[in-house]
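Enquirer: Dropping a structure here in structure tokens format, bear with me for questions.
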Amino acid sequence: MSEEKPFVRVSGVSKEFDGKEVLKNVSVDIWEGEPLGLLGKSGSGKSILLHMLRGTEEYAPTSGEIIFRVAMCPACSWVEAPSKAGNVCIKCGAKLELKEVNYWKDAGMRKKVKRAVAIMLQRTFGLYGDDTVIYNVLQALESRKYPAEKRFRRAYELLKAVRMIHRITFPASDLSGGEKQRVVLARQLALDPMLLLADEPTGTLDFETAKLVHKALLDTTKGGTTMLVTSHWPYVIEELTEKALWLDHGEIAGYGDSKKVVEDFKKQVEEIEREEYVKLGEPKIEIDHCKKYYYSIWRGMVKAVDDVSLTIYENEIFGLLGKSGAGKTSLARIIRQIDALTGGSIKIRA
Ligand SMILES: Nc1ncnc2c1ncn2[C@@H]1O[C@H](COP(=O)(O)OP(=O)(O)OP(=O)(O)O)[C@@H](O)[C@H]1O
Ligand SMILES: [Mg+2]
């Protein structure tokens, strides 16, 4: 085992799409066993860097290089994390050797290394919807040629680790978003990856469900899987990682201790918000004691909007918040001048 060299070295990597530079001279080291966070606003280049590490063809860097240090079996090309060099290959019994792979220069080696890299995608779950939860995990084990006689036990262990035993015979399509994402995690872990790339793994989930998935991610990667997780939510990065890289318009804006990086990121976001706030213009929409009543045969008089006054300024982003049936849509219809008022007035400056 060698401590002084990183597991993955990303060095001076840039990427252009249609003449636009979307990653600019990014360098970062990923250390074995250390979860790394990628923080940045939407469009900052997080997913691009992730797909580049995954080895997806269209994300080949325009310049710069990525070096993977791995333990590889000289007989069957099985790949593990570098600390496993010298160990016996679990597939064929030969001795694993340390290898440095120039990922985007050596397509043959990239193909071999790629097999040991797993990914959880941003918006798609990648499950077999009609098949059961357990089948989904068994299928992943089969694809990785896990010994047939041990597959069921392993699938059970993995589903237990992500706390999905209670849904083992459900079709995947009947699961909630958080449950699906936990099955995806079990499937990725079934691949026994040396590196797990998680692209906004909880981006579409509510806060409580996200917490469950985060816990499953932390519990299951503790065993030695190195993880790289992206998010535009500072709390996710803080919760899941110790070190973080902050990307802004494809460039490194910060790197180091996750807490510190998150603090700096939040400060910048607040500053931008403050600047935008100052730029508010003249009143654009003035609503004065506005009323909208409906008369329904069944429900009698319905006061959809009852005596609402507000002013919306130019450049302002105004939120209408309320429970279902509170009158949000009715008020929006009035502002769009689809519905006439029952009382009050509305002035809209052209
Ligand atoms: N395949 C592609 N072809 C062309 N442009 C792309 C491609 N993928 C990403 N981009 C562009 O690169 C920039 C960075 O995109 P990226 O998906 O990495 O952002 P992100 O940080 O992951 O954002 P989000 O938080 O919204 O997921 C964007 O301007 C995007 O439009
Ligand atoms: Mg993304």
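Simple scheme: letters A, B, ... for chains in structure tokens order, numbers from 1 for residues in each chain, numbers from 1 for ligands in the order shown.
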Please extract the residues at most 8 Å from ligand 2, counting only C-alpha atoms and all ligand atoms, and provide them as a CSV table (one decimal) with N, CA and C atoms, in the first residue's frame, using the chain letters and residue numbers of this document.

Expert:
chain,number,residue,atom,x,y,z
A,42,SER,N,-25.9,25.0,-10.6
A,42,SER,CA,-26.3,24.3,-11.8
A,42,SER,C,-25.5,24.8,-13.0
A,43,GLY,N,-25.0,23.9,-13.8
A,43,GLY,CA,-24.2,24.3,-15.0
A,43,GLY,C,-22.8,24.5,-14.7
A,45,GLY,N,-20.4,22.4,-14.2
A,45,GLY,CA,-19.5,21.4,-14.7
A,45,GLY,C,-19.3,20.1,-13.9
A,46,LYS,N,-20.1,20.0,-12.9
A,46,LYS,CA,-20.0,18.8,-12.0
A,46,LYS,C,-20.2,17.5,-12.7
A,47,SER,N,-21.4,17.4,-13.4
A,47,SER,CA,-21.7,16.2,-14.1
A,47,SER,C,-20.7,15.9,-15.2
A,48,ILE,N,-20.1,16.9,-15.8
A,48,ILE,CA,-19.1,16.7,-16.9
A,48,ILE,C,-17.9,16.0,-16.3
A,122,GLN,N,-28.1,11.3,-12.0
A,122,GLN,CA,-28.8,12.5,-11.5
A,122,GLN,C,-30.3,12.3,-11.5
A,199,ASP,N,-24.1,11.2,-8.8
A,199,ASP,CA,-24.4,12.5,-9.3
A,199,ASP,C,-25.7,13.0,-8.8
A,200,GLU,N,-25.7,13.9,-7.8
A,200,GLU,CA,-26.9,14.4,-7.2
A,200,GLU,C,-27.8,13.2,-6.8
A,230,THR,N,-21.7,14.6,-6.2
A,230,THR,CA,-21.9,16.0,-6.6
A,230,THR,C,-23.2,16.5,-5.9
A,231,SER,N,-23.3,17.8,-5.7
A,231,SER,CA,-24.5,18.4,-5.3
A,231,SER,C,-24.4,19.9,-5.4

Enquirer: Would you name the residues within 12 Å of ligand 1, counting only C-alpha atoms and all ligand atoms, and put them as an MDAnalysis selection string?

Expert: chainID A and resid 14:24 38:52 56:60 121:123 198:204 229:234 245:252

Enquirer: Between atom CA of Arg163 of chain A and atom CA of Phe207 of chain A, what is the distance in Å, rounded to a tenth?

Expert: 17.6 Å

Enquirer: Contacts of segment 153-161 of chain A at 7 Å or less, counting only C-alpha atoms, minus same-chain residues fewer than 2 places along, as a list in words?

Expert: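 Residues meeting the cut-off are Ile134, Val137, Leu138, Lys150, Arg151, Arg163, Met164, Ile165, Ala186, Ala216 and Thr220 of chain A.
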
Enquirer: Give me the residues within 8 Å of Gly33 of chain A as a compact mmCIF listing (two decimals) with N, CA and C atoms, in the first residue's frame, counting only C-alpha atoms and dropping any in the same chain fewer than 3 places off.

Expert:
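Written file, out11.txt:
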# COMPACT_ATOMS: atom_id res chain seq x y z
N LYS A 222 -18.43 2.89 3.84
CA LYS A 222 -17.44 2.85 4.91
C LYS A 222 -16.46 1.69 4.74
N GLY A 224 -14.77 0.72 2.39
CA GLY A 224 -13.58 0.92 1.55
C GLY A 224 -13.85 1.41 0.14
N THR A 225 -15.14 1.57 -0.23
CA THR A 225 -15.41 2.11 -1.57
C THR A 225 -15.15 3.62 -1.54
N THR A 226 -14.37 4.09 -2.47
CA THR A 226 -14.14 5.53 -2.55
C THR A 226 -15.34 6.16 -3.27
N MET A 227 -15.78 7.31 -2.75
CA MET A 227 -16.99 7.91 -3.32
C MET A 227 -16.73 9.35 -3.76

Enquirer: Atom CA of Trp31 of chain A and atom CA of Leu141 of chain A are how many Å apart?

Expert: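 Atom-to-atom, atom CA of Trp31 of chain A and atom CA of Leu141 of chain A are spaced 26.5 Å apart.
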
Enquirer: Report as a compact mmCIF listing (two decimals) with N, CA, C and O atoms, in the first residue's frame all protein, DNA and RNA residues lying within 10 Å of Glu100 of chain A, evaluated on only C-alpha atoms, omitting residues in the same chain fewer than 6 positions from it.

Expert:
# COMPACT_ATOMS: atom_id res chain seq x y z
N PHE A 7 -5.14 7.99 -5.57
CA PHE A 7 -5.83 6.93 -6.29
C PHE A 7 -6.13 7.43 -7.71
O PHE A 7 -5.80 6.78 -8.70
N VAL A 8 -6.70 8.63 -7.78
CA VAL A 8 -6.97 9.22 -9.09
C VAL A 8 -6.39 10.63 -9.11
O VAL A 8 -6.62 11.40 -8.17
N ILE A 67 -5.11 10.19 -14.37
CA ILE A 67 -4.33 8.99 -14.10
C ILE A 67 -5.00 8.19 -12.97
O ILE A 67 -5.23 8.73 -11.88
N PHE A 68 -5.32 6.96 -13.22
CA PHE A 68 -5.85 6.04 -12.21
C PHE A 68 -4.70 5.15 -11.74
O PHE A 68 -3.97 4.61 -12.57
N ARG A 69 -4.56 4.99 -10.44
CA ARG A 69 -3.62 3.97 -9.92
C ARG A 69 -4.48 2.83 -9.41
O ARG A 69 -5.30 3.03 -8.50
N VAL A 70 -4.33 1.68 -9.97
CA VAL A 70 -5.18 0.56 -9.58
C VAL A 70 -4.36 -0.71 -9.35
O VAL A 70 -3.20 -0.79 -9.76
N ALA A 71 -4.99 -1.67 -8.69
CA ALA A 71 -4.40 -3.01 -8.57
C ALA A 71 -5.09 -3.86 -9.63
O ALA A 71 -6.32 -3.98 -9.62
N MET A 72 -4.29 -4.41 -10.56
CA MET A 72 -4.90 -5.17 -11.66
C MET A 72 -4.34 -6.58 -11.71
O MET A 72 -3.15 -6.80 -11.46
N PRO A 82 -6.00 0.59 -5.36
CA PRO A 82 -4.55 0.36 -5.33
C PRO A 82 -4.02 -0.34 -4.07
O PRO A 82 -3.04 -1.07 -4.14
N MET A 109 -6.99 -0.05 -21.70
CA MET A 109 -6.92 -0.06 -20.24
C MET A 109 -8.14 0.64 -19.64
O MET A 109 -8.65 0.24 -18.60

Enquirer: Between segment 188-268 of chain A and segment 111-116 of chain A, at 10 Å or less, what are the per-residue closest atom pairs and their distances in Å? Count only C-alpha atoms, order by chain and rising residue number, and return it as JSON lines.

Expert:
{"residue": "A:Leu191", "atom": "CA", "partner": "A:Ala116", "partner_atom": "CA", "distance": 7.5}
{"residue": "A:Asp192", "atom": "CA", "partner": "A:Ala116", "partner_atom": "CA", "distance": 7.2}
{"residue": "A:Pro193", "atom": "CA", "partner": "A:Ala116", "partner_atom": "CA", "distance": 4.6}
{"residue": "A:Met194", "atom": "CA", "partner": "A:Ala116", "partner_atom": "CA", "distance": 5.5}
{"residue": "A:Leu195", "atom": "CA", "partner": "A:Ala116", "partner_atom": "CA", "distance": 6.8}
{"residue": "A:Leu196", "atom": "CA", "partner": "A:Ala116", "partner_atom": "CA", "distance": 8.8}

Enquirer: Would you kindly return, as a ChimeraX atom specification, each protein, DNA or RNA residue with an atom no farther than 9 Å from any atom of Ile348 of chain A, considering only C-alpha atoms and excluding same-chain residues fewer than 2 positions away?

Expert: /A:283-287,335,346,350

Enquirer: Taking N, CA and C atoms for each residue, export the selection above as a JSON list (two decimals), in the first residue's frame.

Expert:
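That gives us selection_15.json:
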[["chain", "number", "residue", "atom", "x", "y", "z"],
["A", 283, "PRO", "N", -42.41, 49.54, -8.83],
["A", 283, "PRO", "CA", -43.50, 48.58, -8.72],
["A", 283, "PRO", "C", -44.02, 48.19, -10.11],
["A", 284, "LYS", "N", -44.23, 46.92, -10.30],
["A", 284, "LYS", "CA", -44.67, 46.41, -11.61],
["A", 284, "LYS", "C", -46.14, 45.98, -11.52],
["A", 285, "ILE", "N", -46.45, 45.32, -10.41],
["A", 285, "ILE", "CA", -47.83, 44.87, -10.22],
["A", 285, "ILE", "C", -48.30, 45.33, -8.84],
["A", 286, "GLU", "N", -49.40, 46.06, -8.80],
["A", 286, "GLU", "CA", -49.94, 46.50, -7.51],
["A", 286, "GLU", "C", -51.34, 45.94, -7.33],
["A", 287, "ILE", "N", -51.48, 45.12, -6.32],
["A", 287, "ILE", "CA", -52.77, 44.49, -6.06],
["A", 287, "ILE", "C", -53.33, 45.10, -4.78],
["A", 335, "ILE", "N", -53.65, 37.79, -11.85],
["A", 335, "ILE", "CA", -52.49, 38.55, -12.30],
["A", 335, "ILE", "C", -52.33, 38.42, -13.81],
["A", 346, "ILE", "N", -56.36, 45.90, -9.49],
["A", 346, "ILE", "CA", -55.01, 45.44, -9.86],
["A", 346, "ILE", "C", -54.45, 46.37, -10.93],
["A", 350, "ALA", "N", -47.04, 48.40, -17.85],
["A", 350, "ALA", "CA", -46.57, 47.74, -19.09],
["A", 350, "ALA", "C", -45.06, 47.94, -19.24]]

Enquirer: Can you work out the spacing between atom CA of Thr169 of chain A and atom CA of Thr132 of chain A in Å, to one decimal?

Expert: 5.2 Å

Enquirer: Determine which residues of segment 11-245 of chain A DSSP labels as strand (DSSP E) from the backbone of this structure, then write them out as a ChimeraX atom specification.

Expert: /A:11-17,20-30,36-39,63-72,79-80,97-102,117-120,195-199,226-231,243-245

Enquirer: DSSP on the backbone, helix (DSSP H, G or I) only: what residues of segment 196-341 of chain A does that give? Format it as a PyMOL selection string.

Expert: chain A and resi 207-221+234-240+258-278+328-335
